[in-house]
$ cat protein.txt   # compact mmCIF, C-alpha atoms
# COMPACT_ATOMS: atom_id res chain seq x y z
CA MET A 1 99.46 87.80 97.26
CA THR A 2 102.10 86.32 95.06
CA VAL A 3 101.03 83.44 92.92
CA VAL A 4 103.70 80.82 93.06
CA ASN A 5 104.10 78.02 90.61
CA GLN A 6 103.23 74.80 92.26
CA ARG A 7 103.84 71.21 91.59
CA ARG A 8 101.76 68.46 92.95
CA THR A 9 103.52 65.89 95.02
CA GLY A 10 102.74 62.24 94.82
CA GLY A 11 100.18 60.55 97.00
CA GLY A 12 97.06 62.51 97.79
CA GLY A 13 98.08 65.55 95.81
CA GLN A 14 96.59 68.14 98.13
CA LEU A 15 99.86 69.46 99.49
CA GLN A 16 101.14 72.62 97.84
CA ARG A 17 104.87 72.69 97.17
CA PRO A 18 106.11 75.98 95.75
CA SER A 19 108.81 75.20 93.21
CA SER A 20 110.63 78.39 94.05
CA SER A 21 110.36 80.77 96.94
CA GLY A 22 108.22 83.79 96.22
CA LEU A 23 108.40 86.96 98.22
CA ALA A 24 105.35 85.96 100.24
CA ASP A 25 107.08 82.82 101.47
CA VAL A 26 110.31 84.58 102.19
CA ILE A 27 109.41 87.90 103.69
CA ASP A 28 108.32 87.02 107.19
CA ILE A 29 111.15 84.54 107.57
CA ILE A 30 114.13 86.68 106.71
CA LEU A 31 112.78 89.82 108.34
CA ASP A 32 111.58 88.23 111.55
CA LYS A 33 113.88 85.25 112.04
CA GLY A 34 117.57 84.54 111.83
CA LEU A 35 120.56 85.73 113.77
CA VAL A 36 120.24 89.37 114.71
CA ILE A 37 123.41 91.36 114.35
CA ASP A 38 123.59 94.67 116.14
CA ALA A 39 120.44 96.74 115.88
CA TYR A 40 122.23 99.92 114.93
CA VAL A 41 123.78 98.24 111.96
CA ARG A 42 120.42 96.95 110.84
CA VAL A 43 118.69 100.27 110.85
CA SER A 44 121.61 101.93 109.17
CA LEU A 45 120.27 100.66 105.90
CA VAL A 46 117.26 102.64 104.84
CA GLY A 47 113.94 100.93 104.74
CA ILE A 48 114.58 97.67 106.49
CA GLU A 49 112.89 98.16 109.80
CA LEU A 50 109.91 99.62 108.05
CA LEU A 51 109.40 96.46 106.10
CA THR A 52 109.20 94.21 109.08
CA ILE A 53 105.63 95.10 109.92
CA ASP A 54 104.22 94.59 106.48
CA ALA A 55 103.21 90.99 106.96
CA ARG A 56 101.26 91.80 110.08
CA ILE A 57 97.59 92.38 110.08
CA VAL A 58 95.36 93.98 112.62
CA ILE A 59 92.77 91.41 113.55
CA ALA A 60 90.71 92.83 116.37
CA SER A 61 89.35 95.90 114.72
CA VAL A 62 85.96 97.15 113.72
CA ASP A 63 87.03 97.02 110.13
CA THR A 64 87.98 93.37 110.43
CA TYR A 65 84.72 92.51 112.13
CA LEU A 66 82.76 94.24 109.42
CA ARG A 67 84.61 92.29 106.78
CA PHE A 68 83.86 89.05 108.60
CA ALA A 69 80.23 90.00 108.90
CA GLU A 70 80.08 90.82 105.24
CA ALA A 71 81.76 87.58 104.23
CA THR A 72 79.41 85.62 106.48
CA ASN A 73 76.39 87.38 105.05
CA ARG A 74 77.48 86.61 101.53
CA LEU A 75 77.36 82.87 102.18
CA ASP A 76 74.54 81.09 100.47
CA LEU A 77 73.83 78.42 103.04
CA TYR A 78 70.32 77.64 104.04
CA GLU A 79 68.89 77.93 100.60
CA HIS A 80 70.66 74.67 99.95
CA GLY A 81 69.08 72.77 102.78
CA GLY A 82 71.09 73.41 105.89
CA ARG A 83 73.06 70.40 106.96
CA ASP A 84 76.02 68.70 105.36
CA LEU A 85 77.44 72.06 104.53
CA THR A 86 80.97 70.83 104.41
CA GLU A 87 80.08 68.40 101.69
CA LEU A 88 78.18 71.05 99.89
CA MET A 89 81.08 73.45 100.02
CA GLY A 90 83.48 70.80 98.82
CA ASP A 91 81.84 70.08 95.48
CA GLY A 92 81.24 72.02 92.33
CA VAL A 93 79.06 74.61 94.04
CA HIS A 94 82.00 75.50 96.18
CA GLN A 95 84.33 75.79 93.25
CA ALA A 96 81.95 77.99 91.34
CA ALA A 97 81.34 80.29 94.24
CA LYS A 98 84.91 80.51 95.40
CA GLY A 99 85.95 83.35 93.18
CA LYS A 100 83.43 85.81 94.45
CA THR A 101 83.47 84.98 98.12
CA SER A 102 87.11 84.50 98.98
CA GLY A 103 87.53 88.22 98.84
CA ALA A 104 87.31 89.38 102.41
CA ILE A 105 90.61 87.96 103.52
CA GLU A 106 92.47 88.98 100.40
CA GLY A 107 91.02 92.43 100.76
CA ILE A 108 92.44 92.84 104.22
CA LYS A 109 95.81 91.53 103.12
CA ASP A 110 95.94 93.90 100.20
CA ALA A 111 95.00 96.80 102.39
CA VAL A 112 97.86 96.18 104.73
CA THR A 113 100.59 94.69 102.63
CA GLY A 114 99.96 96.57 99.44
CA ASP A 115 100.97 95.18 96.10
CA ASP A 116 103.46 92.35 96.22
CA GLU A 117 104.86 93.48 92.93
CA ASP A 118 105.79 96.84 94.35
CA GLU A 119 109.36 97.33 93.24
CA HIS A 120 109.93 100.62 94.97
CA GLU A 121 111.67 101.04 98.22
CA GLU A 122 109.48 100.86 101.24
CA ARG A 123 108.94 103.99 103.18
CA ARG A 124 105.96 103.06 105.23
CA ARG A 125 105.58 104.48 108.63
CA PRO A 126 106.64 101.98 111.26
CA VAL A 127 103.79 100.67 113.33
CA LYS A 128 104.23 99.40 116.83
CA LYS A 129 104.53 95.67 116.60
CA ALA A 130 102.44 95.15 119.67
CA THR A 131 99.46 96.68 118.01
CA VAL A 132 99.63 94.65 114.87
CA ARG A 133 100.76 91.27 115.98
CA ARG A 134 97.96 88.98 116.80
CA ARG A 135 98.80 87.23 119.97
CA ARG A 136 97.21 83.92 120.46
CA ARG A 137 95.37 83.92 123.71
CA GLU A 138 95.48 80.71 125.58
CA GLY A 139 92.29 79.01 126.55
CA GLU A 140 90.22 80.36 123.73
CA MET B 141 131.01 97.26 119.83
CA THR B 142 132.01 99.87 117.33
CA LEU B 143 128.97 101.12 115.54
CA THR B 144 129.06 100.84 111.82
CA LYS B 145 127.84 103.90 110.07
CA PRO B 146 126.46 103.87 106.56
CA GLY B 147 129.29 104.56 104.21
CA ALA B 148 131.87 104.01 106.88
CA THR B 149 134.25 102.72 104.27
CA MET B 150 135.02 103.91 100.82
CA ASP B 151 136.73 102.04 98.06
CA GLU B 152 138.41 105.22 96.95
CA PRO B 153 138.36 107.61 99.83
CA ALA B 154 139.91 110.46 97.87
CA ALA B 155 137.69 110.31 94.84
CA GLY B 156 134.57 112.43 94.61
CA SER B 157 132.71 109.64 92.83
CA ALA B 158 133.62 107.02 95.43
CA VAL B 159 131.20 104.14 95.89
CA LEU B 160 130.21 103.64 99.50
CA THR B 161 130.36 99.97 100.34
CA ALA B 162 130.02 97.67 103.29
CA GLN B 163 130.09 93.94 103.88
CA TYR B 164 126.61 92.52 103.85
CA VAL B 165 126.40 89.43 106.06
CA TYR B 166 124.21 86.52 104.92
CA ALA B 167 125.11 83.69 107.24
CA ILE B 168 127.63 81.90 109.40
CA VAL B 169 128.90 78.55 108.11
CA PRO B 170 131.64 76.05 108.95
CA ALA B 171 135.08 77.07 107.67
CA GLY B 172 135.93 75.42 104.37
CA THR B 173 132.37 75.58 103.06
CA VAL B 174 132.41 75.81 99.30
CA VAL B 175 130.33 78.63 97.88
CA PRO B 176 128.92 77.69 94.46
CA ASN B 177 130.55 79.76 91.72
CA ASP B 178 127.28 80.89 90.24
CA LEU B 179 125.73 81.96 93.52
CA THR B 180 125.04 85.68 93.53
CA GLY B 181 123.80 87.86 96.32
CA VAL B 182 122.45 91.36 96.67
CA ASP B 183 122.89 93.49 93.54
CA ASP B 184 123.96 90.30 91.73
CA GLY B 185 127.24 90.68 93.54
CA GLY B 186 129.61 87.91 94.46
CA VAL B 187 129.41 85.94 97.68
CA GLU B 188 132.54 85.07 99.62
CA LEU B 189 133.72 83.72 102.93
CA VAL B 190 135.48 85.55 105.70
CA GLY B 191 137.00 82.87 107.87
CA HIS B 192 137.98 82.74 111.49
CA GLY B 193 139.13 79.41 112.89
CA ALA B 194 136.44 76.77 112.49
CA ILE B 195 133.77 79.19 111.30
CA ALA B 196 133.26 81.67 108.50
CA ALA B 197 130.87 84.47 107.63
CA VAL B 198 129.23 84.50 104.22
CA VAL B 199 129.47 88.08 103.00
CA GLY B 200 129.26 90.22 99.91
CA ALA B 201 130.12 93.85 99.19
CA VAL B 202 127.09 96.10 98.83
CA ALA B 203 126.70 99.74 98.01
CA THR B 204 125.25 101.59 100.95
CA ASP B 205 124.25 104.76 99.15
CA ARG B 206 120.88 103.47 98.10
CA PRO B 207 117.68 102.43 99.84
CA PHE B 208 117.73 98.83 100.92
CA GLY B 209 114.97 96.29 101.31
CA ARG B 210 113.68 96.01 97.79
CA ARG B 211 112.07 92.85 96.55
CA GLU B 212 115.29 91.75 94.81
CA ASP B 213 117.29 92.37 97.97
CA LEU B 214 115.02 90.15 100.03
CA LEU B 215 115.00 87.37 97.47
CA ALA B 216 118.79 87.56 97.07
CA HIS B 217 119.30 87.17 100.81
CA SER B 218 117.00 84.19 100.89
CA ARG B 219 118.62 82.65 97.83
CA VAL B 220 122.09 82.77 99.37
CA THR B 221 121.17 81.27 102.73
CA ASP B 222 118.91 78.58 101.31
CA THR B 223 121.36 77.55 98.60
CA LEU B 224 124.12 77.12 101.15
CA ALA B 225 121.78 75.24 103.47
CA GLN B 226 121.42 72.48 100.88
CA ASP B 227 125.00 71.39 101.43
CA CYS B 228 126.08 72.42 104.90
CA ALA B 229 124.98 73.66 108.27
CA VAL B 230 124.08 77.35 108.17
CA ILE B 231 123.26 79.97 110.76
CA PRO B 232 121.24 82.40 108.68
CA VAL B 233 121.49 86.06 109.62
CA ARG B 234 118.39 88.19 109.62
CA PHE B 235 118.00 90.36 106.57
CA GLY B 236 119.78 93.67 106.57
CA ALA B 237 123.02 93.30 108.52
CA VAL B 238 126.15 95.06 107.32
CA LEU B 239 129.58 95.57 108.83
CA ALA B 240 132.10 98.08 107.62
CA ASP B 241 134.65 95.65 106.22
CA ALA B 242 136.05 92.14 106.47
CA GLY B 243 138.13 93.15 109.48
CA ASP B 244 135.03 94.12 111.39
CA VAL B 245 133.32 90.89 110.38
CA VAL B 246 136.03 89.00 112.19
CA ALA B 247 136.60 91.38 115.07
CA GLU B 248 132.99 92.13 115.94
CA LEU B 249 131.03 89.12 114.80
CA LEU B 250 133.14 85.98 114.46
CA ALA B 251 135.87 86.29 117.07
CA PRO B 252 133.66 87.15 120.08
CA ASN B 253 131.21 84.34 119.26
CA ALA B 254 133.46 81.71 117.73
CA GLU B 255 132.73 78.95 120.23
CA LEU B 256 129.01 79.51 120.30
CA PHE B 257 128.64 79.65 116.54
CA ALA B 258 130.76 76.51 116.14
CA SER B 259 128.63 74.58 118.60
CA VAL B 260 125.37 75.77 117.01
CA LEU B 261 126.65 74.75 113.58
CA ALA B 262 127.51 71.33 114.98
CA GLU B 263 124.00 70.97 116.37
CA LEU B 264 122.40 72.05 113.10
CA ALA B 265 124.41 69.62 110.96
CA GLY B 266 122.13 67.24 109.08
CA LEU B 267 119.00 69.23 109.89
CA ARG B 268 116.87 71.26 107.54
CA GLN B 269 114.09 73.72 108.10
CA TYR B 270 110.68 73.29 106.56
CA VAL B 271 107.80 75.66 107.06
CA VAL B 272 104.26 74.39 106.98
CA ARG B 273 101.67 77.06 106.30
CA ALA B 274 98.06 76.11 106.72
CA ARG B 275 95.37 78.47 105.52
CA TYR B 276 91.63 78.15 105.76
CA ASP B 277 89.30 78.21 102.84
CA GLU B 278 87.34 81.15 104.12
CA GLU B 279 84.03 80.23 102.62
CA ALA B 280 84.04 76.63 103.80
CA VAL B 281 85.08 77.51 107.33
CA LEU B 282 82.61 80.38 107.65
CA ALA B 283 79.90 77.97 106.56
CA GLU B 284 80.92 75.60 109.34
CA ILE B 285 80.88 78.44 111.84
CA VAL B 286 77.39 79.57 110.88
CA GLU B 287 76.22 75.98 111.06
CA GLU B 288 77.72 75.36 114.47
CA ASN B 289 76.78 78.62 116.19
CA PRO B 290 73.08 79.50 116.45
CA ASP B 291 73.91 83.02 117.69
CA ILE B 292 75.87 83.69 114.57
CA ALA B 293 73.18 82.26 112.34
CA VAL B 294 70.59 84.53 113.96
CA LEU B 295 72.73 87.65 113.62
CA ARG B 296 73.52 86.77 110.07
CA HIS B 297 69.85 86.42 109.29
CA ARG B 298 69.07 89.75 110.93
CA THR B 299 71.76 91.73 109.23
CA ARG B 300 71.82 90.13 105.87
CA ASP B 301 69.22 92.17 104.03
CA ARG B 302 69.73 95.43 105.86
CA SER B 303 72.14 98.19 105.06
CA VAL B 304 75.42 98.39 106.93
CA GLU B 305 74.31 101.63 108.58
CA ALA B 306 70.99 100.23 109.73
CA SER B 307 72.57 97.11 111.24
CA TRP B 308 75.93 98.51 112.34
CA ASN B 309 76.04 97.22 115.90
CA GLU B 310 74.72 93.81 115.00
CA ARG B 311 77.24 93.54 112.22
CA ILE B 312 80.10 94.35 114.51
CA ARG B 313 78.81 91.77 116.96
CA LEU B 314 78.44 89.22 114.19
CA GLY B 315 81.97 89.83 112.98
CA GLU B 316 83.36 89.61 116.48
CA LEU B 317 81.61 86.30 117.16
CA VAL B 318 82.81 84.89 113.86
CA ALA B 319 86.37 85.96 114.62
CA ARG B 320 86.19 84.25 118.00
CA ALA B 321 84.68 81.09 116.60
CA LEU B 322 87.46 81.04 114.05
CA GLU B 323 89.99 81.27 116.85
CA VAL B 324 88.55 78.19 118.53
CA LYS B 325 88.53 76.30 115.24
CA ARG B 326 92.11 77.32 114.68
CA ASP B 327 93.21 75.88 117.99
CA VAL B 328 91.57 72.54 117.25
CA ASP B 329 92.81 72.25 113.68
CA SER B 330 96.34 73.39 114.44
CA ALA B 331 96.58 70.84 117.25
CA ASP B 332 95.57 68.12 114.78
CA LEU B 333 98.18 69.28 112.32
CA LEU B 334 100.91 69.39 114.95
CA ASP B 335 100.00 65.87 116.08
CA LEU B 336 100.64 64.64 112.55
CA LEU B 337 103.92 66.45 111.97
CA THR B 338 105.85 66.84 115.20
CA PRO B 339 106.70 63.12 115.54
CA HIS B 340 108.84 63.47 112.39
CA ALA B 341 110.78 66.56 113.42
CA GLU B 342 113.65 67.27 115.77
CA ASP B 343 112.22 70.59 116.86
CA TRP B 344 109.49 73.03 115.86
CA ASN B 345 108.50 76.62 116.33
CA ILE B 346 104.98 77.95 116.00
CA ARG B 347 105.03 81.31 114.31
CA VAL B 348 103.06 84.30 115.40
CA ALA B 349 101.13 85.54 112.42
CA GLY B 350 98.27 87.87 111.84
CA GLU B 351 96.43 86.97 108.68
CA VAL B 352 92.78 86.26 109.28
CA ASP B 353 92.65 83.14 107.13
CA HIS B 354 95.66 81.94 109.02
CA LEU B 355 95.32 78.48 110.49
CA VAL B 356 98.87 77.87 111.63
CA ASP B 357 102.45 78.47 110.51
CA VAL B 358 105.03 76.14 111.96
CA ALA B 359 108.73 75.88 111.25
CA PHE B 360 110.12 72.37 111.64
CA LEU B 361 113.70 71.24 112.01
CA VAL B 362 113.82 67.95 110.15
CA PRO B 363 116.74 65.48 110.11
CA ASP B 364 117.84 64.56 106.57
CA GLU B 365 116.98 60.90 107.09
CA ARG B 366 113.41 61.76 108.10
CA VAL B 367 112.59 64.17 105.30
CA GLU B 368 110.57 61.62 103.36
CA GLU B 369 108.39 60.63 106.28
CA PHE B 370 107.95 64.27 107.21
CA GLU B 371 106.79 65.10 103.69
CA ARG B 372 104.37 62.19 103.79
CA ALA B 373 102.96 63.51 107.04
CA ALA B 374 102.57 66.94 105.47
CA GLU B 375 100.64 65.39 102.61
CA GLU B 376 98.44 63.62 105.11
CA ALA B 377 97.80 66.93 106.87
CA ALA B 378 96.91 68.55 103.55
CA ASN B 379 94.55 65.72 102.68
CA SER B 380 92.80 65.89 106.00
CA LEU B 381 92.16 69.61 105.50
CA ALA B 382 90.99 69.22 101.91
CA GLY B 383 87.84 71.22 101.28
CA ARG B 384 88.38 73.35 104.38
CA GLY B 385 91.85 74.72 103.85
CA ARG B 386 95.19 74.44 102.15
CA VAL B 387 98.59 73.35 103.38
CA ARG B 388 101.80 74.61 101.83
CA LEU B 389 105.16 73.10 102.52
CA VAL B 390 108.08 75.48 101.99
CA GLY B 391 111.60 74.19 102.15
CA PRO B 392 114.12 72.99 102.76
CA THR B 393 115.51 76.35 103.81
CA ALA B 394 118.18 77.63 106.15
CA PRO B 395 117.09 77.15 109.80
CA TYR B 396 116.00 80.72 110.46
CA ASP B 397 113.75 79.71 113.31
CA PHE B 398 116.41 77.78 115.17
CA VAL B 399 119.31 80.18 115.58
CA PRO B 400 120.56 81.51 118.92
CA GLY B 401 118.47 84.25 120.47
CA ASP B 402 119.76 87.79 121.00
CA ASP B 403 120.69 87.18 124.60
CA THR B 404 123.01 84.22 124.13
CA TRP B 405 125.83 85.86 122.22
CA VAL B 406 127.91 88.97 121.93
CA SER B 407 126.70 91.68 119.61
$ encode --input "protein.txt" --output "structure tokens"
Amino acid sequence: MTVVNQRRTGGGGQLQRPSSSGLADVIDIILDKGLVIDAYVRVSLVGIELLTIDARIVIASVDTYLRFAEATNRLDLYEHGGRDLTELMGDGVHQAAKGKTSGAIEGIKDAVTGDDEDEHEERRRPVKKATVRRRRREGE
Amino acid sequence: MTLTKPGATMDEPAAGSAVLTAQYVYAIVPAGTVVPNDLTGVDDGGVELVGHGAIAAVVGAVATDRPFGRREDLLAHSRVTDTLAQDCAVIPVRFGAVLADAGDVVAELLAPNAELFASVLAELAGLRQYVVRARYDEEAVLAEIVEENPDIAVLRHRTRDRSVEASWNERIRLGELVARALEVKRDVDSADLLDLLTPHAEDWNIRVAGEVDHLVDVAFLVPDERVEEFERAAEEAANSLAGRGRVRLVGPTAPYDFVPGDDTWVS
């Protein structure tokens, strides 16, 4: 996704504050929120409704499960002694390994959202929102 | 309401090379709001007010004979609403609304909803929207999940050195269990985050989102005088997730998440 320039805030310094809004921060807000003026007017401009699904990802699919399985299998856990994994992941080992193993999620995003830098008009086929929105189930 | 068709108006109706234009609507603001001179909207066009009593629509002329929804269009919309939101109450309009001309803006949008929009603007005065986006560090959280779930550890061990084809069913099962475990983790961690932040906000709205590394996205409506304490709480949330995930704070922006729903006004 879009890499946004970030400045560290004071204090702990872990919080990311984008210095300007990139498309990734903007897209699901202005397409999914805000006052809705007449639906016919909205769709009268080519391409808009089609864009609204782009930020959505199918989660409960075989493909997703396989990616999770693959990402889980790639982990290099027990060779390092089992417990205290969180500590282990938080140090240099984690940093070194991050590049090669953070791929599963990005891969899914790329597959669905395409290239953020895409300057061309969007003509993707609309997908039913119900099938692509992940609904949080209560009690899980 | 009269439906607005693309190209319903023409600057020069008689000319063959006429540019088809419409009024693109960015937001509703209090009448008398000053639009910064250097603020540009879609197509780098000017931004102006169409007033009606105590309220005004922020609009700009756009050509309608081209595809809409490009990256620049989205960023321009966001730029206009968020710039205005720095200085006054704003009801941001969802991207992509056009009306035929300034007359329609008044007749179809402002006049029928004047009272409602005025009261919403009064309620939003002195409040800003911030969005907190928390994302997991996939590797760290998967490691926790394997550690905490013996079933998953066993399946991982069984499938790890076999081909995808030879371990297909077990892989699907593994992925499904991991996805579910992540869901549980998400509920716990997002509750912790909300506990830290909601005391400093007037209102909040949990977003529905689909990304798999998604922990939680929440929009907060924060009073001006509590912005500092809210930001400190966000830093605290980020620190408490350090090593397991990241927290981004986006804002202040126009209060997109806190505008009237479709059913409360005339459209």
$ closest_residue --input "protein.txt" --among "B:Glu365, B:Asp343, B:Asp335, B:Asp301" --to "chain A" --atoms "only C-alpha atoms"
B:Asp301
$ residues_around --input "protein.txt" --residues "Ser330 (chain B)" --least-positions-apart "3" --cutoff "8 Å" --atoms "all atoms listed in the file" --output "ChimeraX atom specification"
/B:326-327,333-334,355-356
$ atom_distance --input "protein.txt" --atom1 "CA of Ala242 (chain B)" --atom2 "CA of Ile29 (chain A)"
26.1 Å
$ closest_residue --input "protein.txt" --among "B:Arg320, B:Arg366, B:Arg388, B:Arg268" --to "chain A" --atoms "all atoms listed in the file"
B:Arg388
$ atom_distance --input "protein.txt" --atom1 "CA of Ile30 (chain A)" --atom2 "CA of Ala201 (chain B)"
19.1 Å
$ residues_around --input "protein.txt" --residues "Ile285 (chain B)" --least-positions-apart "3" --cutoff "12 Å" --atoms "all atoms listed in the file" --output "count of residues only"
33
$ closest_residue --input "protein.txt" --among "A:Asp76, A:Gln16, A:Gly22, A:Glu70" --to "chain B" --atoms "all atoms listed in the file"
A:Gln16
$ closest_residue --input "protein.txt" --among "A:Asp63, A:Asp28, A:Gly34, A:Ser19" --to "chain B" --atoms "only C-alpha atoms"
A:Gly34
$ closest_residue --input "protein.txt" --among "A:Ala24, A:Val62, A:Ile37, A:Leu31" --to "Tyr396 (chain B)" --atoms "all atoms listed in the file"
A:Leu31
$ closest_atom_pairs --input "protein.txt" --of "chain B" --to "chain A" --cutoff "6 Å" --atoms "only C-alpha atoms" --output "CSV"
residue,atom,partner,partner_atom,distance
B:Thr144,CA,A:Val41,CA,5.9
B:Pro146,CA,A:Ser44,CA,5.8
B:Pro207,CA,A:Val46,CA,5.0
B:Phe208,CA,A:Val46,CA,5.5
B:Gly209,CA,A:Ile48,CA,5.4
B:Arg210,CA,A:Glu121,CA,5.4
B:Pro232,CA,A:Gly34,CA,5.3
B:Val233,CA,A:Leu35,CA,4.3
B:Arg234,CA,A:Gly34,CA,4.3
B:Phe235,CA,A:Ile30,CA,5.3
B:Gly236,CA,A:Arg42,CA,5.4
B:Ala237,CA,A:Arg42,CA,5.0
B:Ala280,CA,A:Met89,CA,5.8
B:Arg296,CA,A:Asn73,CA,5.8
B:Arg300,CA,A:Asn73,CA,5.4
B:Arg311,CA,A:Ala69,CA,5.7
B:Ile312,CA,A:Tyr65,CA,5.5
B:Leu314,CA,A:Ala69,CA,5.6
B:Gly315,CA,A:Tyr65,CA,3.9
B:Glu316,CA,A:Tyr65,CA,5.4
B:Val324,CA,A:Glu140,CA,5.9
B:Gly350,CA,A:Ile57,CA,4.9
B:Glu351,CA,A:Ile57,CA,5.7
B:Glu375,CA,A:Leu15,CA,5.2
B:Ala378,CA,A:Leu15,CA,5.1
B:Asn379,CA,A:Gln14,CA,5.5
B:Gly383,CA,A:Gly90,CA,5.0
B:Val387,CA,A:Leu15,CA,5.6
B:Arg388,CA,A:Gln16,CA,4.5
B:Leu389,CA,A:Arg17,CA,5.4
B:Tyr396,CA,A:Gly34,CA,4.4
B:Asp397,CA,A:Lys33,CA,5.7
B:Val399,CA,A:Leu35,CA,6.0
B:Ser407,CA,A:Asp38,CA,5.5
$ residues_around --input "protein.txt" --residues "Gly186 (chain B)" --least-positions-apart "5" --cutoff "12 Å" --atoms "only C-alpha atoms" --output "ChimeraX atom specification"
/B:163-164,166,175-181,198-202,216,220
$ closest_residue --input "protein.txt" --among "B:Glu263, B:Asp364, B:Glu342, B:Asp222" --to "Pro400 (chain B)" --atoms "all atoms listed in the file"
B:Glu263
